[in-house]
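Have a look at the structure below, then the notes.
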Amino acid sequence: MTELAPPVVILNEPQLAENIGSVARVMANFGLADLRLVRPRDGWPQDRAWASASGANWPLDGAKVFERLEDAVADLRLLYATTARPRETQLPVLTPREAAAELNAAAAQGLATGLLYGGERAGLETNDIALSQGIVTIPIDPRFHSLNLAQAVALTAYEWRTTVTNAPPPKFREGDPPADQAMMIGLYEHLEGELEAAGFFHPPEKKASMVRNLRVALSRARFTDQEARTFRGVITALSRGRGKVLEKLAAKRKGDDPA
């Protein structure tokens with residue numbers, strides 16, 4: 001399967017280098033790499049951006065700078081503008097999830113796509129949005145609809161990522177395989193023997209169903225060999241403790257308490 005080209009991220013008139021670095025960081029989190037900057041307020045490059053990226057340097061290293069937004073988006077076939085403010089445009093309005101599905105479908109056709117974000121102070125102007133094919137609005141609480149730049153990129157980039165892979169990341173270290181059935185049967189029988197000695201299976205006619213329920217519960221845990229051995233050690237310790245209690249009770253009855 002051919003890997004889909006992720007959307008380009010275009011920051012129009014970003015102000016703070018720290019915010020640009022934070023955007024690069026979330027881009028790297030979700031597999032985006034193509035960063036385009038339109039008239040960054042303090043020029044480019046800026047060392048503070050790399051410091052804020054926390055090692056996610058590749059979007060910054062390859063960032064392209066443009067004087068005009070039109071030039072930054074000229075090669076894109078599908079562009080969505082992200083804004084929380086209604087503007088005087090008659091464009092489709094999508095959630096990040098809906099937009100991600102559209103971007104994925106376009107990428108599957110080999111089309112270049114992008115997500116456009118406005119600067120921290122005022123966001124996108126109507127003329128900026130008019131260059132896009134739709135508006136992405138994040139469904140946040142209307143009592144406080146202000147998101148910082150990196151948050152907006154993170155939410156939309158995450159939704160893109162779920163269209164590519166919607167599974168948890170691989171474990172950092174693969175666990176040991178489950179114990180084999182011989183190990184588990186030994187555990188079952190050990191536990192059941194001690195429970196029988198303790199009088200747990202009462203009334204006797206319910207023993208079969210009780211044993212079955214115990215085995216199902218333990219089987220569902222998918223013990224490794226080590227976990228099964230540890231559990232058997234617990235059973236042994238508990239049974240020996242019960243034996244000590246019985247010894248003390250017997251000694252008391254004889255009037256010779258060893259304690």
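FYI, nothing fancy with the structure tokens labels: chains A, B, ... in order, residues from 1 per chain, ligands from 1 as they appear.
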
Got a sec: who's within 12 Å of Phe231 in chain A, counting only C-alpha atoms, leaving out chain neighbours fewer than 3 positions off, as a list in words? Met183, Met184, Gly186, Leu187, Tyr188, His190, Leu191, Leu218, Ala221, Phe223, Thr224, Asp225, Gln226, Glu227, Ala228, Val234, Ile235, Thr236, Ala237 and Leu238 of chain A

For the strand (DSSP E) assignment from backbone DSSP, which residues of range 20-222 of chain A qualify? Please present them as a list in words. Leu35, Arg36, Leu37, Val38, Lys64, Val65, Phe66, Leu78, Leu79, Tyr80, Ala81, Thr82, Val93, Leu94, Thr113, Gly114, Leu115, Leu116, Tyr117, Gly134, Ile135 and Val136 of chain A

Please, which residues of range 38-84 of chain A, numbered as in this document, come out helix (DSSP H, G or I) from DSSP, as a ChimeraX atom specification? /A:47-52,58-61,69-72

Take the residues just selected and output them with N, CA and C atoms as a tab-separated table (two decimals), in the first residue's frame.
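Full text of out.tsv as output:
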```tsv
chain	number	residue	atom	x	y	z
A	47	ASP	N	16.04	30.97	16.24
A	47	ASP	CA	16.54	29.89	17.11
A	47	ASP	C	15.51	29.43	18.12
A	48	ARG	N	14.67	30.33	18.58
A	48	ARG	CA	13.69	29.97	19.62
A	48	ARG	C	12.70	28.93	19.11
A	49	ALA	N	12.48	28.90	17.81
A	49	ALA	CA	11.57	27.90	17.25
A	49	ALA	C	12.13	26.50	17.45
A	50	TRP	N	13.44	26.33	17.19
A	50	TRP	CA	14.06	25.02	17.35
A	50	TRP	C	14.05	24.60	18.82
A	51	ALA	N	14.24	25.55	19.71
A	51	ALA	CA	14.21	25.24	21.14
A	51	ALA	C	12.83	24.75	21.56
A	52	SER	N	11.78	25.34	21.01
A	52	SER	CA	10.41	24.94	21.38
A	52	SER	C	9.97	23.64	20.74
A	58	TRP	N	12.81	18.44	11.97
A	58	TRP	CA	12.73	18.31	10.52
A	58	TRP	C	11.67	19.21	9.88
A	59	PRO	N	10.50	19.47	10.49
A	59	PRO	CA	9.61	20.44	9.85
A	59	PRO	C	10.22	21.84	9.78
A	60	LEU	N	11.00	22.20	10.80
A	60	LEU	CA	11.65	23.52	10.81
A	60	LEU	C	12.81	23.57	9.83
A	61	ASP	N	13.60	22.50	9.80
A	61	ASP	CA	14.74	22.47	8.88
A	61	ASP	C	14.30	22.62	7.43
A	69	LEU	N	0.64	34.60	0.46
A	69	LEU	CA	-0.10	33.37	0.72
A	69	LEU	C	-0.42	32.65	-0.58
A	70	GLU	N	-0.74	33.42	-1.60
A	70	GLU	CA	-1.08	32.81	-2.89
A	70	GLU	C	0.04	31.89	-3.39
A	71	ASP	N	1.27	32.31	-3.18
A	71	ASP	CA	2.40	31.50	-3.64
A	71	ASP	C	2.59	30.26	-2.76
A	72	ALA	N	2.27	30.39	-1.48
A	72	ALA	CA	2.45	29.27	-0.56
A	72	ALA	C	1.48	28.13	-0.83
```

Contacts of range 150-155 of chain A within 8 Å, only C-alpha atoms, excl. fewer than 5 positions in-chain, as number ranges by chain: A: 19-20, 22-23, 26-27, 82, 96, 117, 138

I'd like the neighbourhood of range 98-111 of chain A as a PyMOL selection string, where a residue qualifies if any of its atoms comes within 12 Å (using only C-alpha atoms), though same-chain residues fewer than 2 positions away should be ignored. chain A and resi 1-8+75-82+92-96+113-115+133-139+155-165

Using Å and a single decimal, report how far CA of Asn166 in chain A sits from CA of Ala179 in chain A.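 Computed distance, CA of Ala179 in chain A to CA of Asn166 in chain A, equals 29.5 Å.
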
Computed interatomic separation between CA of Glu18 in chain A and CA of Ala84 in chain A (Å):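 Straight-line distance from CA of Glu18 in chain A to CA of Ala84 in chain A works out to 21.9 Å.
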
Test item: residues at most 7 Å from Val65 in chain A, only C-alpha atoms, excluding those fewer than 5 positions along its chain, as a CSV table (one decimal) with N, CA and C atoms, in the first residue's frame:
```
chain,number,residue,atom,x,y,z
A,36,ARG,N,5.1,25.5,5.9
A,36,ARG,CA,5.2,26.7,5.1
A,36,ARG,C,4.8,27.9,5.9
A,37,LEU,N,5.7,28.9,5.9
A,37,LEU,CA,5.5,30.1,6.6
A,37,LEU,C,5.3,31.3,5.7
A,38,VAL,N,4.2,32.1,5.9
A,38,VAL,CA,4.0,33.3,5.1
A,38,VAL,C,4.2,34.5,6.0
```
